[in-house]
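Undergrad: Supplied structure: data.pdb, PDB, C-alpha atoms.
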ATOM      1  CA  MET A   1    -126.729  26.761  24.938
ATOM      2  CA  LYS A   2    -124.833  24.603  22.468
ATOM      3  CA  VAL A   3    -128.089  23.175  21.134
ATOM      4  CA  ASP A   4    -129.498  26.666  20.567
ATOM      5  CA  LEU A   5    -126.395  27.682  18.575
ATOM      6  CA  LYS A   6    -126.651  24.603  16.424
ATOM      7  CA  GLN A   7    -130.306  25.239  15.773
ATOM      8  CA  ARG A   8    -129.684  28.863  14.855
ATOM      9  CA  TRP A   9    -126.797  27.914  12.552
ATOM     10  CA  SER A  10    -128.876  25.233  10.837
ATOM     11  CA  SER A  11    -131.771  27.640  10.396
ATOM     12  CA  LEU A  12    -129.668  30.063   8.310
ATOM     13  CA  SER A  13    -130.728  30.438   4.743
ATOM     14  CA  PRO A  14    -128.661  28.489   2.178
ATOM     15  CA  ALA A  15    -128.585  31.619   0.022
ATOM     16  CA  LEU A  16    -126.872  33.535   2.840
ATOM     17  CA  LEU A  17    -124.261  30.811   3.193
ATOM     18  CA  TYR A  18    -123.650  30.861  -0.572
ATOM     19  CA  SER A  19    -123.244  34.649  -0.583
ATOM     20  CA  VAL A  20    -120.704  34.496   2.246
ATOM     21  CA  SER A  21    -118.663  31.814   0.513
ATOM     22  CA  SER A  22    -118.786  33.618  -2.856
ATOM     23  CA  THR A  23    -117.680  36.881  -1.219
ATOM     24  CA  SER A  24    -114.725  35.087   0.335
ATOM     25  CA  ALA A  25    -113.820  33.535  -3.024
ATOM     26  CA  ARG A  26    -113.984  36.911  -4.780
ATOM     27  CA  GLY A  27    -111.775  38.432  -2.097
ATOM     28  CA  GLN A  28    -109.172  35.712  -2.557
ATOM     29  CA  LEU A  29    -109.279  36.166  -6.337
ATOM     30  CA  LEU A  30    -108.842  39.932  -5.951
ATOM     31  CA  VAL A  31    -105.835  39.429  -3.688
ATOM     32  CA  LYS A  32    -104.277  37.065  -6.234
ATOM     33  CA  ILE A  33    -104.813  39.554  -9.063
ATOM     34  CA  ILE A  34    -103.318  42.427  -7.057
ATOM     35  CA  PHE A  35    -100.332  40.308  -6.059
ATOM     36  CA  LYS A  36     -99.779  39.166  -9.660
ATOM     37  CA  TYR A  37     -99.783  42.667 -11.137
ATOM     38  CA  LEU A  38     -97.674  43.969  -8.271
ATOM     39  CA  LEU A  39     -95.123  41.269  -9.041
ATOM     40  CA  TYR A  40     -95.187  42.232 -12.733
ATOM     41  CA  ALA A  41     -94.635  45.892 -11.819
ATOM     42  CA  ILE A  42     -91.648  45.041  -9.609
ATOM     43  CA  VAL A  43     -90.085  42.908 -12.348
ATOM     44  CA  LEU A  44     -90.575  45.604 -14.992
ATOM     45  CA  ALA A  45     -89.214  48.324 -12.698
ATOM     46  CA  ASN A  46     -86.049  46.288 -12.099
ATOM     47  CA  LEU A  47     -85.714  44.886 -15.609
ATOM     48  CA  ARG A  48     -82.375  46.606 -16.191
ATOM     49  CA  GLY A  49     -80.951  44.736 -13.234
ATOM     50  CA  ALA A  50     -81.926  41.321 -14.586
ATOM     51  CA  PRO A  51     -79.234  38.778 -15.513
ATOM     52  CA  VAL A  52     -77.502  39.230 -18.895
ATOM     53  CA  VAL A  53     -78.982  42.742 -19.334
ATOM     54  CA  TRP A  54     -75.694  44.373 -18.324
ATOM     55  CA  HIS A  55     -73.780  42.219 -20.841
ATOM     56  CA  TRP A  56     -76.250  43.090 -23.581
ATOM     57  CA  ARG A  57     -75.995  46.834 -22.934
ATOM     58  CA  VAL A  58     -72.190  46.682 -22.859
ATOM     59  CA  PHE A  59     -71.682  44.596 -25.998
ATOM     60  CA  TRP A  60     -74.572  45.975 -28.052
ATOM     61  CA  PRO A  61     -72.459  48.755 -29.702
ATOM     62  CA  ILE A  62     -69.922  46.125 -30.817
ATOM     63  CA  ILE A  63     -72.660  43.783 -32.050
ATOM     64  CA  LYS A  64     -74.326  46.664 -33.873
ATOM     65  CA  TYR A  65     -71.113  47.650 -35.645
ATOM     66  CA  ASN A  66     -70.369  44.056 -36.683
ATOM     67  CA  LEU A  67     -73.899  43.673 -38.054
ATOM     68  CA  GLN A  68     -73.544  46.906 -40.030
ATOM     69  CA  PHE A  69     -70.195  45.754 -41.426
ATOM     70  CA  LEU A  70     -71.699  42.364 -42.321
ATOM     71  CA  ALA A  71     -74.665  44.040 -44.021
ATOM     72  CA  PHE A  72     -72.197  46.058 -46.102
ATOM     73  CA  ARG A  73     -69.771  43.256 -46.864
ATOM     74  CA  VAL A  74     -72.153  40.474 -47.986
ATOM     75  CA  PRO A  75     -73.884  42.384 -50.834
ATOM     76  CA  ASN A  76     -70.580  43.862 -52.003
ATOM     77  CA  ALA A  77     -68.897  40.460 -51.886
ATOM     78  CA  CYS A  78     -71.610  39.068 -54.146
ATOM     79  CA  ALA A  79     -71.382  42.044 -56.508
ATOM     80  CA  THR A  80     -67.584  41.855 -56.761
ATOM     81  CA  LEU A  81     -67.234  38.095 -56.725
ATOM     82  CA  LEU A  82     -64.833  38.007 -59.663
ATOM     83  CA  ASN A  83     -63.072  41.289 -58.937
ATOM     84  CA  ARG A  84     -61.045  41.143 -55.742
ATOM     85  CA  GLY A  85     -59.469  44.515 -56.356
ATOM     86  CA  GLU A  86     -62.845  46.251 -56.485
ATOM     87  CA  ARG A  87     -63.942  44.406 -53.352
ATOM     88  CA  ALA A  88     -60.827  45.526 -51.460
ATOM     89  CA  ARG A  89     -61.363  49.099 -52.669
ATOM     90  CA  ARG A  90     -64.954  49.157 -51.393
ATOM     91  CA  ILE A  91     -63.973  47.691 -48.027
ATOM     92  CA  ALA A  92     -61.181  50.264 -47.682
ATOM     93  CA  GLY A  93     -63.686  53.007 -48.479
ATOM     94  CA  TYR A  94     -66.076  51.699 -45.829
ATOM     95  CA  ILE A  95     -63.261  51.582 -43.268
ATOM     96  CA  ASP A  96     -62.306  55.185 -44.055
ATOM     97  CA  LYS A  97     -65.948  56.231 -43.817
ATOM     98  CA  THR A  98     -66.484  54.678 -40.388
ATOM     99  CA  SER A  99     -63.131  55.780 -38.952
ATOM    100  CA  PRO A 100     -62.694  59.204 -37.293
ATOM    101  CA  VAL A 101     -60.241  60.408 -39.941
ATOM    102  CA  GLY A 102     -59.037  63.959 -39.309
ATOM    103  CA  VAL A 103     -60.751  64.285 -35.922
ATOM    104  CA  HIS A 104     -58.803  66.142 -33.243
ATOM    105  CA  PRO A 105     -58.395  63.950 -30.131
ATOM    106  CA  PHE A 106     -59.627  66.671 -27.773
ATOM    107  CA  ASP A 107     -62.589  67.547 -30.007
ATOM    108  CA  PHE A 108     -63.919  63.994 -30.126
ATOM    109  CA  GLU A 109     -67.020  63.379 -28.007
ATOM    110  CA  VAL A 110     -69.561  60.574 -27.631
ATOM    111  CA  ILE A 111     -72.972  61.094 -26.008
ATOM    112  CA  TYR A 112     -74.730  58.243 -24.205
ATOM    113  CA  ARG A 113     -78.365  58.982 -23.321
ATOM    114  CA  SER A 114     -80.356  57.146 -20.678
ATOM    115  CA  ARG A 115     -82.849  57.556 -17.852
ATOM    116  CA  VAL A 116     -82.453  56.820 -14.131
ATOM    117  CA  SER A 117     -84.457  53.642 -13.563
ATOM    118  CA  VAL A 118     -85.793  52.314 -10.272
ATOM    119  CA  ASP A 119     -83.089  49.674  -9.883
ATOM    120  CA  GLU A 120     -80.403  52.356 -10.377
ATOM    121  CA  SER A 121     -81.812  54.565  -7.608
ATOM    122  CA  ASP A 122     -81.347  54.475  -3.850
ATOM    123  CA  PHE A 123     -83.660  55.247  -0.933
ATOM    124  CA  ASN A 124     -83.038  58.972  -1.413
ATOM    125  CA  MET A 125     -84.925  58.793  -4.738
ATOM    126  CA  HIS A 126     -81.937  59.699  -6.894
ATOM    127  CA  MET A 127     -79.281  57.832  -8.839
ATOM    128  CA  SER A 128     -77.149  55.644  -6.606
ATOM    129  CA  ASN A 129     -73.414  56.238  -6.527
ATOM    130  CA  SER A 130     -72.862  52.564  -7.334
ATOM    131  CA  SER A 131     -74.735  52.946 -10.644
ATOM    132  CA  TYR A 132     -72.311  55.460 -12.142
ATOM    133  CA  PRO A 133     -69.549  52.895 -12.934
ATOM    134  CA  LYS A 134     -72.097  50.701 -14.728
ATOM    135  CA  ILE A 135     -73.251  53.563 -16.930
ATOM    136  CA  LEU A 136     -69.640  54.546 -17.563
ATOM    137  CA  ASP A 137     -68.984  51.010 -18.882
ATOM    138  CA  PHE A 138     -71.714  51.437 -21.485
ATOM    139  CA  THR A 139     -70.333  54.832 -22.459
ATOM    140  CA  ARG A 140     -66.762  53.567 -22.819
ATOM    141  CA  THR A 141     -67.879  50.734 -25.101
ATOM    142  CA  LYS A 142     -69.831  53.126 -27.300
ATOM    143  CA  MET A 143     -66.855  55.486 -27.374
ATOM    144  CA  ALA A 144     -64.493  52.656 -28.377
ATOM    145  CA  THR A 145     -66.729  51.602 -31.276
ATOM    146  CA  HIS A 146     -66.795  55.173 -32.600
ATOM    147  CA  LEU A 147     -63.115  55.905 -31.991
ATOM    148  CA  PHE A 148     -61.409  52.545 -32.707
ATOM    149  CA  PRO A 149     -64.033  50.354 -34.415
ATOM    150  CA  HIS A 150     -61.655  48.181 -36.415
ATOM    151  CA  PHE A 151     -59.437  47.555 -33.409
ATOM    152  CA  LEU A 152     -62.389  45.922 -31.663
ATOM    153  CA  ARG A 153     -63.335  43.985 -34.796
ATOM    154  CA  ALA A 154     -59.778  42.625 -34.941
ATOM    155  CA  GLY A 155     -60.162  41.169 -31.445
ATOM    156  CA  GLY A 156     -58.896  44.046 -29.319
ATOM    157  CA  VAL A 157     -60.177  44.661 -25.812
ATOM    158  CA  VAL A 158     -60.228  47.719 -23.551
ATOM    159  CA  PRO A 159     -59.571  46.719 -19.925
ATOM    160  CA  ILE A 160     -60.057  49.370 -17.276
ATOM    161  CA  ALA A 161     -57.545  49.971 -14.491
ATOM    162  CA  SER A 162     -59.199  52.569 -12.264
ATOM    163  CA  THR A 163     -61.984  55.139 -12.135
ATOM    164  CA  HIS A 164     -62.474  58.356 -10.211
ATOM    165  CA  PHE A 165     -65.797  60.122  -9.656
ATOM    166  CA  HIS A 166     -66.351  63.687  -8.536
ATOM    167  CA  PHE A 167     -69.993  64.070  -7.481
ATOM    168  CA  VAL A 168     -71.357  67.587  -7.879
ATOM    169  CA  ARG A 169     -75.124  67.089  -7.477
ATOM    170  CA  GLU A 170     -77.596  64.218  -7.574
ATOM    171  CA  ILE A 171     -79.657  63.045 -10.553
ATOM    172  CA  PRO A 172     -83.327  62.499  -9.581
ATOM    173  CA  MET A 173     -84.992  59.160 -10.179
ATOM    174  CA  LEU A 174     -86.642  58.727 -13.610
ATOM    175  CA  ALA A 175     -84.809  61.802 -14.907
ATOM    176  CA  LYS A 176     -83.232  61.818 -18.360
ATOM    177  CA  TYR A 177     -79.498  62.421 -18.478
ATOM    178  CA  GLU A 178     -76.532  62.294 -20.842
ATOM    179  CA  VAL A 179     -72.972  61.081 -20.453
ATOM    180  CA  ARG A 180     -70.636  63.133 -22.634
ATOM    181  CA  ALA A 181     -67.352  61.271 -22.909
ATOM    182  CA  GLY A 182     -64.147  62.411 -24.543
ATOM    183  CA  ILE A 183     -60.398  61.974 -24.499
ATOM    184  CA  GLY A 184     -58.742  63.543 -21.480
ATOM    185  CA  ALA A 185     -55.096  62.538 -21.883
ATOM    186  CA  TRP A 186     -52.822  59.623 -22.755
ATOM    187  CA  ASP A 187     -49.275  58.451 -22.304
ATOM    188  CA  GLU A 188     -47.232  55.521 -23.599
ATOM    189  CA  LYS A 189     -49.623  52.976 -22.075
ATOM    190  CA  TRP A 190     -52.660  54.507 -20.420
ATOM    191  CA  PHE A 191     -55.624  56.228 -21.996
ATOM    192  CA  TYR A 192     -57.780  58.559 -19.884
ATOM    193  CA  VAL A 193     -61.480  58.941 -20.657
ATOM    194  CA  VAL A 194     -63.339  61.895 -19.135
ATOM    195  CA  GLY A 195     -67.104  61.542 -18.846
ATOM    196  CA  ARG A 196     -69.578  64.185 -17.715
ATOM    197  CA  PHE A 197     -73.015  63.228 -16.413
ATOM    198  CA  VAL A 198     -75.259  66.127 -17.381
ATOM    199  CA  THR A 199     -78.949  66.932 -17.663
ATOM    200  CA  LYS A 200     -80.650  69.583 -19.724
ATOM    201  CA  GLN A 201     -81.932  72.516 -17.732
ATOM    202  CA  LYS A 202     -85.677  73.080 -17.848
ATOM    203  CA  PRO A 203     -86.837  76.553 -18.896
ATOM    204  CA  LYS A 204     -87.660  78.648 -15.844
ATOM    205  CA  SER A 205     -90.792  80.752 -15.591
ATOM    206  CA  ASP A 206     -90.707  84.418 -14.591
ATOM    207  CA  ASN A 207     -92.209  83.794 -11.172
ATOM    208  CA  ALA A 208     -90.154  80.709 -10.433
ATOM    209  CA  GLN A 209     -88.406  80.744  -7.112
ATOM    210  CA  GLN A 210     -84.923  79.442  -6.682
ATOM    211  CA  SER A 211     -85.070  76.149  -4.776
ATOM    212  CA  SER A 212     -82.482  75.306  -2.197
ATOM    213  CA  SER A 213     -80.448  72.128  -2.739
ATOM    214  CA  GLN A 214     -79.689  69.655  -0.018
ATOM    215  CA  VAL A 215     -76.275  68.953  -1.524
ATOM    216  CA  PRO A 216     -73.530  70.931   0.233
ATOM    217  CA  PRO A 217     -71.949  73.499  -2.101
ATOM    218  CA  LEU A 218     -68.480  73.015  -3.463
ATOM    219  CA  THR A 219     -65.595  74.931  -2.027
ATOM    220  CA  LYS A 220     -64.231  77.859  -3.998
ATOM    221  CA  SER A 221     -61.189  75.944  -5.213
ATOM    222  CA  GLU A 222     -63.240  72.937  -6.344
ATOM    223  CA  SER A 223     -65.797  75.128  -8.100
ATOM    224  CA  ASP A 224     -63.082  77.067  -9.911
ATOM    225  CA  LEU A 225     -61.365  73.842 -10.957
ATOM    226  CA  VAL A 226     -64.522  72.251 -12.335
ATOM    227  CA  ALA A 227     -65.512  75.470 -14.099
ATOM    228  CA  LYS A 228     -62.057  75.850 -15.607
ATOM    229  CA  LEU A 229     -61.897  72.279 -16.882
ATOM    230  CA  PHE A 230     -65.413  71.903 -18.227
ATOM    231  CA  ASP A 231     -66.607  75.393 -19.082
ATOM    232  CA  SER A 232     -67.661  75.725 -22.690
ATOM    233  CA  SER A 233     -68.996  78.610 -24.706
ATOM    234  CA  SER A 234     -70.881  76.465 -27.241
ATOM    235  CA  GLU A 235     -74.600  76.914 -27.571
ATOM    236  CA  ASP A 236     -75.462  73.281 -26.821
ATOM    237  CA  GLU A 237     -73.792  73.401 -23.390
ATOM    238  CA  LYS A 238     -75.242  76.638 -22.049
ATOM    239  CA  ASP A 239     -78.411  74.980 -20.767
ATOM    240  CA  ILE A 240     -76.926  71.859 -19.188
ATOM    241  CA  ILE A 241     -76.419  71.017 -15.518
ATOM    242  CA  LEU A 242     -73.260  69.175 -14.513
ATOM    243  CA  HIS A 243     -73.897  66.373 -12.018
ATOM    244  CA  THR A 244     -70.792  64.178 -11.971
ATOM    245  CA  VAL A 245     -67.339  64.107 -13.536
ATOM    246  CA  ALA A 246     -65.771  60.674 -14.101
ATOM    247  CA  VAL A 247     -62.211  59.855 -15.148
ATOM    248  CA  ALA A 248     -61.415  56.305 -16.283
ATOM    249  CA  ARG A 249     -57.898  55.001 -16.879
ATOM    250  CA  CYS A 250     -57.780  52.168 -19.386
ATOM    251  CA  CYS A 251     -55.455  50.548 -21.904
ATOM    252  CA  TYR A 252     -55.793  48.697 -25.193
ATOM    253  CA  LYS A 253     -54.871  45.045 -25.522
ATOM    254  CA  LEU A 254     -54.560  42.898 -28.624
ATOM    255  CA  GLY A 255     -53.925  39.483 -27.176
ATOM    256  CA  ARG A 256     -51.024  39.958 -24.767
ATOM    257  CA  ILE A 257     -49.742  43.032 -26.590
ATOM    258  CA  THR A 258     -50.445  46.490 -25.175
ATOM    259  CA  VAL A 259     -51.077  48.903 -28.033
ATOM    260  CA  PRO A 260     -49.920  52.481 -27.285
ATOM    261  CA  PRO A 261     -52.779  54.985 -27.553
ATOM    262  CA  SER A 262     -50.778  57.212 -29.911
ATOM    263  CA  VAL A 263     -50.316  54.325 -32.360
ATOM    264  CA  LEU A 264     -53.976  53.382 -32.104
ATOM    265  CA  MET A 265     -55.162  56.932 -32.734
ATOM    266  CA  ALA A 266     -52.776  57.402 -35.654
ATOM    267  CA  THR A 267     -53.876  54.181 -37.365
ATOM    268  CA  ASN A 268     -57.538  55.211 -37.022
ATOM    269  CA  GLY A 269     -57.024  58.694 -38.429
ATOM    270  CA  VAL A 270     -57.184  60.734 -35.213
ATOM    271  CA  CYS A 271     -54.679  63.573 -35.456
ATOM    272  CA  VAL A 272     -53.887  67.043 -34.170
ATOM    273  CA  TYR A 273     -53.988  70.196 -36.242
ATOM    274  CA  PRO A 274     -50.892  70.888 -38.380
ATOM    275  CA  HIS A 275     -50.048  74.153 -36.610
ATOM    276  CA  GLU A 276     -49.808  72.257 -33.296
ATOM    277  CA  VAL A 277     -46.886  70.125 -34.472
ATOM    278  CA  THR A 278     -43.302  71.368 -34.341
ATOM    279  CA  MET A 279     -40.201  69.841 -35.839
ATOM    280  CA  THR A 280     -38.792  69.366 -32.343
ATOM    281  CA  GLU A 281     -41.691  67.060 -31.506
ATOM    282  CA  LEU A 282     -41.194  65.114 -34.716
ATOM    283  CA  ASP A 283     -37.404  64.949 -34.346
ATOM    284  CA  PRO A 284     -35.917  65.684 -30.875
ATOM    285  CA  THR A 285     -32.490  66.261 -32.464
ATOM    286  CA  PHE A 286     -33.811  69.091 -34.639
ATOM    287  CA  SER A 287     -32.503  72.500 -33.510
ATOM    288  CA  GLY A 288     -32.787  74.710 -36.587
ATOM    289  CA  PRO A 289     -35.618  77.038 -37.590
ATOM    290  CA  LEU A 290     -38.797  75.517 -38.951
ATOM    291  CA  ASP A 291     -38.972  75.983 -42.694
ATOM    292  CA  ASN A 292     -42.560  76.005 -43.913
ATOM    293  CA  THR A 293     -41.695  76.951 -47.465
ATOM    294  CA  GLN A 294     -42.487  74.441 -50.153
ATOM    295  CA  PRO A 295     -39.625  73.227 -52.350
ATOM    296  CA  GLU A 296     -39.499  74.575 -55.871
ATOM    297  CA  LYS A 297     -40.420  72.233 -58.664
ATOM    298  CA  ALA A 298     -37.563  70.984 -60.772
ATOM    299  CA  THR A 299     -37.506  72.293 -64.314
TER     300      THR A 299
END
Output the structure of this file as structure tokens.

TA:
Amino acid sequence: MKVDLKQRWSSLSPALLYSVSSTSARGQLLVKIIFKYLLYAIVLANLRGAPVVWHWRVFWPIIKYNLQFLAFRVPNACATLLNRGERARRIAGYIDKTSPVGVHPFDFEVIYRSRVSVDESDFNMHMSNSSYPKILDFTRTKMATHLFPHFLRAGGVVPIASTHFHFVREIPMLAKYEVRAGIGAWDEKWFYVVGRFVTKQKPKSDNAQQSSSQVPPLTKSESDLVAKLFDSSSEDEKDIILHTVAVARCCYKLGRITVPPSVLMATNGVCVYPHEVTMTELDPTFSGPLDNTQPEKAT
């Protein structure tokens, strides 16, 4: 029996043996190609979670502002090489231009736009709850560069003390969203940043049916509170969907010195409207009527 098998095996055509071996080689090559491109796809899908990417996304607004200031300063320094007064005047004008002079603190808003990537999603195919603090870090840095740019350029930092998230509904994977951050409140030390994770509502067709959400609805008190705090009558907010509300408590440090938020806002030009200020707030000892009349010019 063994002899017959050997004879049959030896009688096989060499061409058949070559075809079998070549088919096996092509199969191995195909597996290698599929594995290689699958590995590339996994790396690209999780590129935002790679090392140093978080640091780049956090510090990019600061780097961008410093590069813009350098691009302004170098040509002007060369043009005003022998005139220091003109150079100082141009730099002061640039500082005034990039500072939020005259902006009301509660009207200031920064928008950070992004998309839910694969590495920021969970097994439910929507944005993971652990990804919200990371996105809030990027938003706070962008907000600081727009609100207090020269404080950061002078070496100031913005450490965060605590964050609170109120999740309303999920953000689907690969969906575009915005984080609209503004000033919520402040005291002698702490500064509260309120960020809203929103998406733009898609236009509904006439025959569209209302889909049921798997997220449990808010209670009446929670719904009223969220609607009262974040309801707006502006045109750009009528077609948005609120997903999450975040509140971050942070402070401002220059070395070991804690800079009060009121001082920081005043030095950067942020101010309230004149009719919102009373003499009692300016001087607690003031008890007389507020005189808004202008003094007569001396003749």

Undergrad: Between A:Ala144, A:Met173, A:Ile183, A:Ile95, which residue has the minimum interatomic distance to Ser128 (chain A), considering all atoms listed in the file?

TA: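 Nearest candidate to Ser128 (chain A) out of A:Ala144, A:Met173, A:Ile183, A:Ile95: A:Met173.
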
Undergrad: Compile the contact shell of Ala175 (chain A) as a list in words: residues with an atom at most 10 Å away, counting only C-alpha atoms, same-chain residues fewer than 2 positions apart removed.

TA: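 Contacts, in chain order: Ser114, Arg115, Val116, Ser117, His126, Met127, Ile171, Pro172, Met173, Tyr177 and Thr199 of chain A.
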
Undergrad: For the provided coordinates, the residues matched by the PyMOL selection byres ((chain A and resi 240) around 7) should be stated as a tab-separated table (two decimals) with C-alpha atoms, in the frame of the given file.

TA:
chain	number	residue	atom	x	y	z
A	198	VAL	CA	-75.26	66.13	-17.38
A	199	THR	CA	-78.95	66.93	-17.66
A	200	LYS	CA	-80.65	69.58	-19.72
A	201	GLN	CA	-81.93	72.52	-17.73
A	237	GLU	CA	-73.79	73.40	-23.39
A	238	LYS	CA	-75.24	76.64	-22.05
A	239	ASP	CA	-78.41	74.98	-20.77
A	241	ILE	CA	-76.42	71.02	-15.52
A	242	LEU	CA	-73.26	69.18	-14.51

Undergrad: For a quick check of understanding, using only C-alpha atoms, which of A:Trp60, A:Tyr40, A:Phe165, A:Tyr65 has the smallest distance to Val247 (chain A)?

TA: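 Checking each candidate against Val247 (chain A), we get A:Phe165 as the closest.
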
Undergrad: Using the file's own x, y and z axes, what box holds all listed atoms of region 172-185 of chain A with 6 Å on each side, keeping edges along x, y and z, and what are its centre and edge lengths in Å to one decimal, as lines of an AutoDock Vina configuration file?

TA:
center_x = -70.9
center_y = 61.1
center_z = -17.1
size_x = 43.5
size_y = 16.8
size_z = 27.0

Undergrad: Got a sec: who's within 10 Å of Thr267 (chain A), counting all atoms listed in the file, leaving out chain neighbours fewer than 4 positions off, as a PyMOL selection string?

TA: chain A and resi 99+101+148+150-151+261-263+271

Undergrad: If I take CA of Ala50 (chain A) and CA of Asp119 (chain A), how far is one from the other in Å, to one decimal?

TA: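 Separating CA of Ala50 (chain A) from CA of Asp119 (chain A) is a distance of 9.7 Å.
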
Undergrad: Could you pull the residues within 12 Å of Lys64 (chain A), counting all atoms listed in the file, minus those fewer than 6 positions along the same chain, as JSON, numbers by chain?

TA: {"A": [56, 57, 58, 70, 71, 141, 142, 145, 146, 149, 153]}

Undergrad: Quick one: pull the distance between CA of Val179 (chain A) and CA of Met143 (chain A), Å, one decimal.

TA: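 CA of Val179 (chain A) sits 10.8 Å away from CA of Met143 (chain A).
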
Undergrad: For each of A:Phe59, A:Phe191, A:Phe72, A:Tyr252, take the minimum atom-to-atom distance to Phe138 (chain A), counting all atoms listed in the file, then give the residue where this is smallest.

TA: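 Result for the nearest residue to Phe138 (chain A): A:Phe59.
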
Undergrad: To one decimal place, how far is CA of Arg180 (chain A) from CA of Val194 (chain A) in Å?

TA: 8.2 Å

Undergrad: On this structure, the PyMOL selection byres ((chain A and resi 158) around 6) would catch which residues? List them as number ranges by chain, sorted by chain and number.

TA: A: 157, 159, 251-252

Undergrad: Those residues with C-alpha atoms, as a PDB file, in the frame of the given file please?

TA:
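Result written to selection_16.pdb:
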ATOM      1  CA  VAL A 157     -60.177  44.661 -25.812  1.00  0.00           C
ATOM      2  CA  PRO A 159     -59.571  46.719 -19.925  1.00  0.00           C
ATOM      3  CA  CYS A 251     -55.455  50.548 -21.904  1.00  0.00           C
ATOM      4  CA  TYR A 252     -55.793  48.697 -25.193  1.00  0.00           C
TER       5      TYR A 252
END

Undergrad: Could you check which of A:Ala185, A:Val74, A:Ala25, A:Ile62 is closest to Cys250 (chain A), using all atoms listed in the file?

TA: A:Ala185

Undergrad: When you count all atoms listed in the file, which of these residues is closest to Ile160 (chain A): A:Leu147, A:Ala248, A:Ile34, A:Ala92?

TA: A:Ala248

Undergrad: Find the residues with any atom within 8 Å of (-66.5, 64.7, -20.4); use all atoms listed in the file and the coordinates as given in the file, and write the answer as a compact mmCIF listing (two decimals) with C-alpha atoms, in the frame of the given file.

TA:
# COMPACT_ATOMS: atom_id res chain seq x y z
CA GLU A 109 -67.02 63.38 -28.01
CA VAL A 179 -72.97 61.08 -20.45
CA ARG A 180 -70.64 63.13 -22.63
CA ALA A 181 -67.35 61.27 -22.91
CA GLY A 182 -64.15 62.41 -24.54
CA ILE A 183 -60.40 61.97 -24.50
CA GLY A 184 -58.74 63.54 -21.48
CA VAL A 193 -61.48 58.94 -20.66
CA VAL A 194 -63.34 61.90 -19.14
CA GLY A 195 -67.10 61.54 -18.85
CA ARG A 196 -69.58 64.18 -17.72
CA PHE A 197 -73.02 63.23 -16.41
CA PHE A 230 -65.41 71.90 -18.23
CA VAL A 245 -67.34 64.11 -13.54
CA ALA A 246 -65.77 60.67 -14.10

Undergrad: Can you work out which one of A:Thr163, A:Tyr192, A:Gly155, A:Met125 has the shortest atom-to-atom distance to Gly255 (chain A), counting only C-alpha atoms?

TA: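 For Gly255 (chain A), the nearest of the given residues is A:Gly155.
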